[in-house]
Amino acid sequence: MTAAPRIPALDVLRGCAVMGILWMNITAFALPQTAYFNPAAAGPLSAGDIGFWAVSLILVDGKMRGLFALLFGASMLLLIEREEMAGRDGKRAQMRRAGWLFIIGTAHFLLLWWGDILRVYALVSLFALLFVRLDPPSLVKRAFLCFLLQFLLVGAFIAALYFWGHAAASPDASVATRTDYARFIAALSDPASPAIQNEIATYRSSYGAIFHHKIAAIPVDWLWGFLFTGFETLGFMLLGMAMLKGGFLTGQWDMAQYRSTARHCFLIGLPPMAGLAFWVWWSGFAALPTYGTALAWSLPFRIPLTVGWAALILWLLARHRNNRLITRIAAVGRLTLSNYLATSVIMTAIFYGWGLGLFAHMAPLMLLPFVLAGWFVMLVWSPWWAAHFGQGPLERLWRTLARIGQT
């Protein structure tokens, strides 16, 4: 597999996506897992903590992950086209690429961090291969079918929790039903709950204890991870394929089209997202409204906002193509995999017990400086590395592994 010619628009989009993902992931690095969905699980919240959560929910959560999936779908098409032009089997090349990505993601999950997304992308991309020959309208239709299936799946799950709560509140409910429901809800919102306290103790302990904890969690974490993100990820991959074929992701539209698309997408997505954030705050960060918003009710609005971010970034690129910051972000995008995994190395070393042990010692707003510091490091080291070595170290490893068995 030879290196593909660089497409500046895709590099800039990747750079913005991996930087945006750090904004959301910092909570999952530094705080109990449920705090990613409900900040109240981290403890008492200041106005600044609530503001940080609101900005994250409205503008970032799911949108950068969606942007990543858009770009992954586009990169699949580019790889297949390149391989077929060289007389090789493009789909087989993508399957090798996905296989090695799954192995890298599994190592990332086990050795570093529970929030790995590479495994999901690797497996979902195999299903996306079924649709690579479709035209853009057909891809868009199937993408929105995937989004609908995801919404129905997570919506049914949240509805089941409401029914469970209603049953637990019934005078006829058994003690076991009430106890189990109360324990489950506490694990979603109460920092003093045994589940959250046990998690804090685990991640403040040794590397070996954390490793064994993740081994034990594989059946549950992986199952729910795929159920809660699989169809959505596939939908964004298919949408990315359509947007590549239509010239959107390669920067071929004019500035007015990108500006208009961004404006319309943000007008569609921002008001309801702000309304959901207000509802969650008004509820006092009650478990079900907060959890339901994060998983289900925000999903229809994450779609236009993801496209809106892509359009806004490409509009800015068209206006400021030679800007030094844009050039640095493009370099970050060239080293997306390396930056993504390096972030896990650095942040787990800061927060986990085998490193500095700062896990669950900071309120959400206090994590913002770590995000800004991470962005600074990405923007400094990525241009230097790209100028001296071209490919990032993990990109080179992945491509080398993917060549094994190539004919």
# chains A, B, ... in the order shown; residues from 1 in each chain; ligands from 1

$ residues_around --residues "stretch 205-217 of chain A" --least-positions-apart "5" --cutoff "10 Å" --atoms "only C-alpha atoms" --output "list of chain:residue names"
A:Phe109, A:Leu110, A:Leu111, A:Leu112, A:Trp113, A:Trp114, A:Glu199, A:Ile200, A:Trp222, A:Leu223, A:Tyr352, A:Gly353, A:Trp354, A:Gly355, A:Gly357, A:Phe359

$ residues_around --residues "A:Ala47" --least-positions-apart "4" --cutoff "12 Å" --atoms "only C-alpha atoms" --output "ChimeraX atom specification"
/A:39,51-54,281,363-365

$ atom_distance --atom1 "atom CA of A:Gly392" --atom2 "atom CA of A:Arg319"
27.6 Å

$ closest_residue --among "A:Leu238, A:Ala310, A:Ala262, A:Met255" --to "A:Leu67" --atoms "only C-alpha atoms"
A:Ala310

$ select_by_dssp --residues "stretch 16-142 of chain A" --states "helix (DSSP H, G or I)" --output "JSON, numbers by chain"
{"A": [16, 17, 18, 19, 20, 21, 22, 23, 24, 25, 26, 27, 28, 29, 30, 33, 34, 35, 36, 39, 40, 41, 42, 47, 48, 49, 50, 51, 52, 53, 54, 55, 56, 57, 58, 59, 60, 63, 64, 65, 66, 67, 68, 69, 70, 71, 72, 73, 74, 75, 76, 77, 78, 79, 80, 81, 82, 83, 84, 85, 90, 91, 92, 93, 94, 95, 96, 97, 98, 99, 100, 101, 102, 103, 104, 105, 106, 107, 108, 109, 110, 111, 118, 119, 120, 121, 122, 123, 124, 125, 126, 127, 128, 129, 130, 131, 136, 137, 138, 139, 140, 141, 142]}

$ residues_around --residues "A:Ala30" --least-positions-apart "2" --cutoff "7 Å" --atoms "only C-alpha atoms" --output "JSON, numbers by chain"
{"A": [26, 27, 28, 351, 359, 360]}

$ atom_distance --atom1 "atom CA of A:Phe236" --atom2 "atom CA of A:Ala143"
6.6 Å

$ residues_around --residues "A:Leu22" --least-positions-apart "4" --cutoff "12 Å" --atoms "only C-alpha atoms" --output "PyMOL selection string"
chain A and resi 15-18+26-30+56+60-62+64-65+115+336+339-344+346-347+367-376+378

$ residues_around --residues "stretch 92-100 of chain A" --least-positions-apart "5" --cutoff "8 Å" --atoms "only C-alpha atoms" --output "list in words"
Met76, Leu79, Ile80, Glu83, Tyr121, Ala122, Leu123, Ser125, Leu126, Trp398, Arg399, Leu401, Ala402 and Gln406 of chain A
